[in-house]
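Undergrad: Would you mind keeping the following structure in view while I ask a few things?
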Amino acid sequence: MSLTDKVEIPRRTMVLFFVIDTSGSMDGKKIGAVNTAIDEVIPALKELSDENADAQIKIAAMEFSNGAQWITANGPVEADQFYWNYLEAGGVTDFGAACRALNEKLSTKGFMREATGSFAPAIFLMSDGDPTDDWQSGLNILKQNNWFKAGVKVAVAIGDDVNKEVLKAFTGTMEAVLENRNAAMLKKMIKFVSVRASQVASKSSNVSDSSEDTGDEQKQEELNASLQEFVKDAAAAPENDQVDW
């Protein structure tokens, strides 16, 4: 190898996790808005990944209703290879099962096993109801996971019937819980959060299963500030006054 040869430095991976409530109350406009928004934001995530010299963005997705099922069962998928298959809604809200399933994959034996190393993940929860299983024990297990602790987290409360205290318990702060009133605003939120959370998370420091990321609080605060700016701007949007749910 000569001194003029270019050496390509492998990029680390940043995984964006979608955790989506597909219980029966999500049927209709709610799940429709979620499907459309995720489908439409994929090109932006691909562009973000292509332009990031340090991190390659991959996507993992889970739905939960009667239990939890991984949509990306074989592991996170590169943004430019990810295709969204529209989800259907039905069943109960087994949020505890979702927390346990997420905990299992937030491991170097699960979805965080990249040989080049991984940035702390971005975790995006969407729900419209109240858990129907033992969610506290599932979330307590998840909160001991160092990848979860180091990751940036945000939740969207869809409609008025969601238990926002549960979403706050998941994110750790109400500042990272966004509320919406209609399909138009939900789609805007999903697109904004997906991209902004990925931007923030792909700058976070490396973490292993046995260590903590000392920059996790700073990154969460950066994301929270962006979310609050988004909420302020969204409040002035005409569609914010409409109520669809």
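Please note that chains go A, B, ... in the order of the structure tokens, that every chain numbers its residues from 1, and that ligands are numbered from 1 in the order shown.
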Need to verify the contact set: Ile31 of chain A, 9 Å, only C-alpha atoms, exclusion of same-chain residues closer than 2 positions in sequence. Can you return it as a PyMOL selection string?

TA: chain A and resi 21-22+26-29+33-36+86-89

Undergrad: Write out, as a JSON list (two decimals), in the first residue's frame, the residues just selected, with N, CA and C atoms.

TA:
```json
[["chain", "number", "residue", "atom", "x", "y", "z"],
["A", 21, "ASP", "N", -47.29, 0.64, 18.78],
["A", 21, "ASP", "CA", -48.53, 0.07, 19.31],
["A", 21, "ASP", "C", -49.46, -0.23, 18.14],
["A", 22, "THR", "N", -49.83, -1.50, 17.98],
["A", 22, "THR", "CA", -50.78, -1.88, 16.93],
["A", 22, "THR", "C", -52.03, -2.53, 17.54],
["A", 26, "MET", "N", -55.78, 1.47, 17.69],
["A", 26, "MET", "CA", -54.98, 2.16, 16.68],
["A", 26, "MET", "C", -55.57, 1.99, 15.28],
["A", 27, "ASP", "N", -56.61, 1.20, 15.15],
["A", 27, "ASP", "CA", -57.17, 0.92, 13.83],
["A", 27, "ASP", "C", -57.71, 2.20, 13.18],
["A", 28, "GLY", "N", -57.62, 2.25, 11.87],
["A", 28, "GLY", "CA", -58.17, 3.40, 11.15],
["A", 28, "GLY", "C", -57.12, 4.47, 10.88],
["A", 29, "LYS", "N", -57.47, 5.73, 11.20],
["A", 29, "LYS", "CA", -56.60, 6.86, 10.89],
["A", 29, "LYS", "C", -55.26, 6.79, 11.60],
["A", 33, "ALA", "N", -51.83, 6.78, 9.59],
["A", 33, "ALA", "CA", -50.88, 7.89, 9.65],
["A", 33, "ALA", "C", -49.49, 7.39, 9.99],
["A", 34, "VAL", "N", -49.39, 6.43, 10.91],
["A", 34, "VAL", "CA", -48.09, 5.86, 11.27],
["A", 34, "VAL", "C", -47.45, 5.20, 10.05],
["A", 35, "ASN", "N", -48.22, 4.40, 9.36],
["A", 35, "ASN", "CA", -47.69, 3.70, 8.17],
["A", 35, "ASN", "C", -47.19, 4.67, 7.11],
["A", 36, "THR", "N", -48.00, 5.67, 6.82],
["A", 36, "THR", "CA", -47.63, 6.63, 5.78],
["A", 36, "THR", "C", -46.38, 7.40, 6.17],
["A", 86, "TYR", "N", -46.91, -2.06, 5.41],
["A", 86, "TYR", "CA", -47.93, -1.42, 6.24],
["A", 86, "TYR", "C", -48.50, -2.39, 7.28],
["A", 87, "LEU", "N", -48.63, -1.87, 8.49],
["A", 87, "LEU", "CA", -49.12, -2.67, 9.61],
["A", 87, "LEU", "C", -50.64, -2.56, 9.73],
["A", 88, "GLU", "N", -51.24, -3.58, 10.34],
["A", 88, "GLU", "CA", -52.65, -3.56, 10.67],
["A", 88, "GLU", "C", -52.79, -3.56, 12.19],
["A", 89, "ALA", "N", -53.93, -3.07, 12.66],
["A", 89, "ALA", "CA", -54.13, -2.94, 14.11],
["A", 89, "ALA", "C", -55.19, -3.92, 14.59]]
```

Undergrad: So that I can see what lies close to segment 194-200 of chain A, please list as a PDB file with N, CA and C atoms, in the first residue's frame the residues with an atom at most 10 Å from it, counting only C-alpha atoms and leaving out residues fewer than 2 positions away in the same chain.

TA:
```pdb
ATOM      1  N   MET A  14     -25.549   3.160  13.950  1.00  0.00           N
ATOM      2  CA  MET A  14     -26.534   3.718  14.874  1.00  0.00           C
ATOM      3  C   MET A  14     -27.887   3.135  14.492  1.00  0.00           C
ATOM      4  N   VAL A  15     -28.522   2.467  15.429  1.00  0.00           N
ATOM      5  CA  VAL A  15     -29.811   1.824  15.153  1.00  0.00           C
ATOM      6  C   VAL A  15     -30.952   2.704  15.650  1.00  0.00           C
ATOM      7  N   LEU A  16     -31.882   2.977  14.745  1.00  0.00           N
ATOM      8  CA  LEU A  16     -33.130   3.652  15.102  1.00  0.00           C
ATOM      9  C   LEU A  16     -34.189   2.582  15.321  1.00  0.00           C
ATOM     10  N   PHE A  17     -34.710   2.516  16.544  1.00  0.00           N
ATOM     11  CA  PHE A  17     -35.738   1.534  16.893  1.00  0.00           C
ATOM     12  C   PHE A  17     -37.119   2.186  16.838  1.00  0.00           C
ATOM     13  N   PHE A  18     -38.014   1.619  16.029  1.00  0.00           N
ATOM     14  CA  PHE A  18     -39.429   1.984  16.052  1.00  0.00           C
ATOM     15  C   PHE A  18     -40.154   0.952  16.917  1.00  0.00           C
ATOM     16  N   ALA A  37     -46.316   7.859   7.415  1.00  0.00           N
ATOM     17  CA  ALA A  37     -45.185   8.677   7.855  1.00  0.00           C
ATOM     18  C   ALA A  37     -43.871   7.900   7.840  1.00  0.00           C
ATOM     19  N   ILE A  38     -43.884   6.672   8.329  1.00  0.00           N
ATOM     20  CA  ILE A  38     -42.651   5.885   8.332  1.00  0.00           C
ATOM     21  C   ILE A  38     -42.210   5.591   6.904  1.00  0.00           C
ATOM     22  N   VAL A  41     -40.587   8.745   5.485  1.00  0.00           N
ATOM     23  CA  VAL A  41     -39.367   9.267   6.098  1.00  0.00           C
ATOM     24  C   VAL A  41     -38.139   8.428   5.757  1.00  0.00           C
ATOM     25  N   ILE A  42     -38.313   7.249   5.212  1.00  0.00           N
ATOM     26  CA  ILE A  42     -37.182   6.377   4.902  1.00  0.00           C
ATOM     27  C   ILE A  42     -36.156   7.046   3.983  1.00  0.00           C
ATOM     28  N   ALA A  44     -35.311  10.142   3.773  1.00  0.00           N
ATOM     29  CA  ALA A  44     -34.561  11.119   4.564  1.00  0.00           C
ATOM     30  C   ALA A  44     -33.549  10.428   5.472  1.00  0.00           C
ATOM     31  N   LEU A  45     -33.908   9.272   6.014  1.00  0.00           N
ATOM     32  CA  LEU A  45     -32.983   8.517   6.854  1.00  0.00           C
ATOM     33  C   LEU A  45     -31.836   7.955   6.017  1.00  0.00           C
ATOM     34  N   LYS A  46     -32.144   7.526   4.816  1.00  0.00           N
ATOM     35  CA  LYS A  46     -31.100   7.051   3.905  1.00  0.00           C
ATOM     36  C   LYS A  46     -30.117   8.174   3.597  1.00  0.00           C
ATOM     37  N   LEU A  48     -29.517  10.842   5.392  1.00  0.00           N
ATOM     38  CA  LEU A  48     -28.780  11.147   6.610  1.00  0.00           C
ATOM     39  C   LEU A  48     -27.652  10.145   6.814  1.00  0.00           C
ATOM     40  N   SER A  49     -27.919   8.887   6.555  1.00  0.00           N
ATOM     41  CA  SER A  49     -26.899   7.852   6.698  1.00  0.00           C
ATOM     42  C   SER A  49     -25.782   8.035   5.682  1.00  0.00           C
ATOM     43  N   ASN A  52     -23.402  10.891   6.647  1.00  0.00           N
ATOM     44  CA  ASN A  52     -22.735  10.809   7.944  1.00  0.00           C
ATOM     45  C   ASN A  52     -21.446  10.004   7.797  1.00  0.00           C
ATOM     46  N   ALA A  55     -21.233   7.446  11.098  1.00  0.00           N
ATOM     47  CA  ALA A  55     -22.244   6.451  11.476  1.00  0.00           C
ATOM     48  C   ALA A  55     -23.103   6.027  10.303  1.00  0.00           C
ATOM     49  N   ILE A  57     -26.696   4.457   9.513  1.00  0.00           N
ATOM     50  CA  ILE A  57     -27.977   4.320  10.193  1.00  0.00           C
ATOM     51  C   ILE A  57     -28.676   3.048   9.730  1.00  0.00           C
ATOM     52  N   LYS A  58     -29.095   2.260  10.711  1.00  0.00           N
ATOM     53  CA  LYS A  58     -29.896   1.078  10.439  1.00  0.00           C
ATOM     54  C   LYS A  58     -31.211   1.197  11.200  1.00  0.00           C
ATOM     55  N   ALA A 120     -24.828   4.563  20.673  1.00  0.00           N
ATOM     56  CA  ALA A 120     -26.038   4.338  21.454  1.00  0.00           C
ATOM     57  C   ALA A 120     -27.251   4.572  20.556  1.00  0.00           C
ATOM     58  N   PRO A 121     -28.309   3.797  20.718  1.00  0.00           N
ATOM     59  CA  PRO A 121     -29.430   3.842  19.774  1.00  0.00           C
ATOM     60  C   PRO A 121     -30.372   5.021  19.999  1.00  0.00           C
ATOM     61  N   ALA A 122     -31.253   5.223  19.024  1.00  0.00           N
ATOM     62  CA  ALA A 122     -32.396   6.118  19.161  1.00  0.00           C
ATOM     63  C   ALA A 122     -33.637   5.241  19.236  1.00  0.00           C
ATOM     64  N   ILE A 123     -34.468   5.451  20.237  1.00  0.00           N
ATOM     65  CA  ILE A 123     -35.616   4.576  20.474  1.00  0.00           C
ATOM     66  C   ILE A 123     -36.891   5.409  20.446  1.00  0.00           C
ATOM     67  N   PHE A 124     -37.798   5.067  19.539  1.00  0.00           N
ATOM     68  CA  PHE A 124     -38.981   5.877  19.253  1.00  0.00           C
ATOM     69  C   PHE A 124     -40.230   5.033  19.492  1.00  0.00           C
ATOM     70  N   GLY A 151     -29.167   5.311  25.268  1.00  0.00           N
ATOM     71  CA  GLY A 151     -29.838   5.755  24.059  1.00  0.00           C
ATOM     72  C   GLY A 151     -30.691   6.992  24.279  1.00  0.00           C
ATOM     73  N   VAL A 152     -31.002   7.681  23.174  1.00  0.00           N
ATOM     74  CA  VAL A 152     -31.957   8.783  23.241  1.00  0.00           C
ATOM     75  C   VAL A 152     -33.341   8.205  23.011  1.00  0.00           C
ATOM     76  N   LYS A 153     -34.307   8.727  23.753  1.00  0.00           N
ATOM     77  CA  LYS A 153     -35.646   8.140  23.741  1.00  0.00           C
ATOM     78  C   LYS A 153     -36.703   9.223  23.554  1.00  0.00           C
ATOM     79  N   VAL A 154     -37.736   8.896  22.805  1.00  0.00           N
ATOM     80  CA  VAL A 154     -38.863   9.803  22.616  1.00  0.00           C
ATOM     81  C   VAL A 154     -40.117   8.969  22.424  1.00  0.00           C
ATOM     82  N   MET A 189     -44.873  14.705  13.195  1.00  0.00           N
ATOM     83  CA  MET A 189     -44.080  14.326  14.358  1.00  0.00           C
ATOM     84  C   MET A 189     -43.178  13.139  14.053  1.00  0.00           C
ATOM     85  N   ILE A 190     -43.749  12.128  13.425  1.00  0.00           N
ATOM     86  CA  ILE A 190     -42.972  10.922  13.148  1.00  0.00           C
ATOM     87  C   ILE A 190     -41.788  11.249  12.251  1.00  0.00           C
ATOM     88  N   LYS A 191     -42.009  12.055  11.234  1.00  0.00           N
ATOM     89  CA  LYS A 191     -40.924  12.415  10.314  1.00  0.00           C
ATOM     90  C   LYS A 191     -39.851  13.224  11.033  1.00  0.00           C
ATOM     91  N   PHE A 192     -40.271  14.223  11.809  1.00  0.00           N
ATOM     92  CA  PHE A 192     -39.301  15.052  12.511  1.00  0.00           C
ATOM     93  C   PHE A 192     -38.509  14.247  13.530  1.00  0.00           C
ATOM     94  N   SER A 202     -26.496   9.573  16.529  1.00  0.00           N
ATOM     95  CA  SER A 202     -25.309   9.196  15.757  1.00  0.00           C
ATOM     96  C   SER A 202     -24.084   9.996  16.146  1.00  0.00           C
ATOM     97  N   LYS A 203     -24.250  10.948  17.062  1.00  0.00           N
ATOM     98  CA  LYS A 203     -23.105  11.696  17.589  1.00  0.00           C
ATOM     99  C   LYS A 203     -22.716  11.223  18.984  1.00  0.00           C
ATOM    100  N   SER A 204     -23.474  10.305  19.559  1.00  0.00           N
ATOM    101  CA  SER A 204     -23.198   9.874  20.924  1.00  0.00           C
ATOM    102  C   SER A 204     -22.001   8.944  20.973  1.00  0.00           C
ATOM    103  N   GLN A 218     -26.584  14.381  28.138  1.00  0.00           N
ATOM    104  CA  GLN A 218     -26.402  15.533  27.265  1.00  0.00           C
ATOM    105  C   GLN A 218     -27.133  15.339  25.943  1.00  0.00           C
ATOM    106  N   LYS A 219     -27.047  14.158  25.372  1.00  0.00           N
ATOM    107  CA  LYS A 219     -27.710  13.884  24.106  1.00  0.00           C
ATOM    108  C   LYS A 219     -29.224  13.905  24.268  1.00  0.00           C
ATOM    109  N   GLN A 220     -29.730  13.364  25.368  1.00  0.00           N
ATOM    110  CA  GLN A 220     -31.167  13.406  25.597  1.00  0.00           C
ATOM    111  C   GLN A 220     -31.638  14.847  25.769  1.00  0.00           C
ATOM    112  N   GLU A 221     -30.859  15.655  26.451  1.00  0.00           N
ATOM    113  CA  GLU A 221     -31.219  17.060  26.630  1.00  0.00           C
ATOM    114  C   GLU A 221     -31.222  17.798  25.296  1.00  0.00           C
ATOM    115  N   GLU A 222     -30.271  17.469  24.429  1.00  0.00           N
ATOM    116  CA  GLU A 222     -30.236  18.090  23.108  1.00  0.00           C
ATOM    117  C   GLU A 222     -31.485  17.718  22.313  1.00  0.00           C
ATOM    118  N   LEU A 223     -31.870  16.450  22.383  1.00  0.00           N
ATOM    119  CA  LEU A 223     -33.073  16.021  21.689  1.00  0.00           C
ATOM    120  C   LEU A 223     -34.311  16.683  22.289  1.00  0.00           C
ATOM    121  N   ASN A 224     -34.387  16.746  23.613  1.00  0.00           N
ATOM    122  CA  ASN A 224     -35.536  17.364  24.276  1.00  0.00           C
ATOM    123  C   ASN A 224     -35.717  18.817  23.839  1.00  0.00           C
ATOM    124  N   SER A 226     -34.798  20.136  21.017  1.00  0.00           N
ATOM    125  CA  SER A 226     -35.309  20.135  19.649  1.00  0.00           C
ATOM    126  C   SER A 226     -36.799  19.804  19.624  1.00  0.00           C
ATOM    127  N   LEU A 227     -37.210  18.872  20.473  1.00  0.00           N
ATOM    128  CA  LEU A 227     -38.618  18.495  20.527  1.00  0.00           C
ATOM    129  C   LEU A 227     -39.483  19.666  20.985  1.00  0.00           C
TER     130      LEU A 227
END
```

Undergrad: Could you go through segment 20-152 of chain A and tell me which residues DSSP, when run on the backbone, assigns to strand (DSSP E), listing them as a VMD selection string?

TA: chain A and resid 20 to 21 55 to 65 67 to 70 77 to 78 122 to 127 152

Undergrad: Interatomic distance between atom CA of Arg181 of chain A and atom CA of Gly159 of chain A?

TA: 5.7 Å

Undergrad: Using only C-alpha atoms, pick whichever of A:Pro10, A:Gly67, A:Pro76, A:Pro43 has the shortest atom-to-atom distance to Trp135 of chain A.

TA: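 When distances to Trp135 of chain A are compared using only C-alpha atoms, the smallest one comes from A:Gly67.
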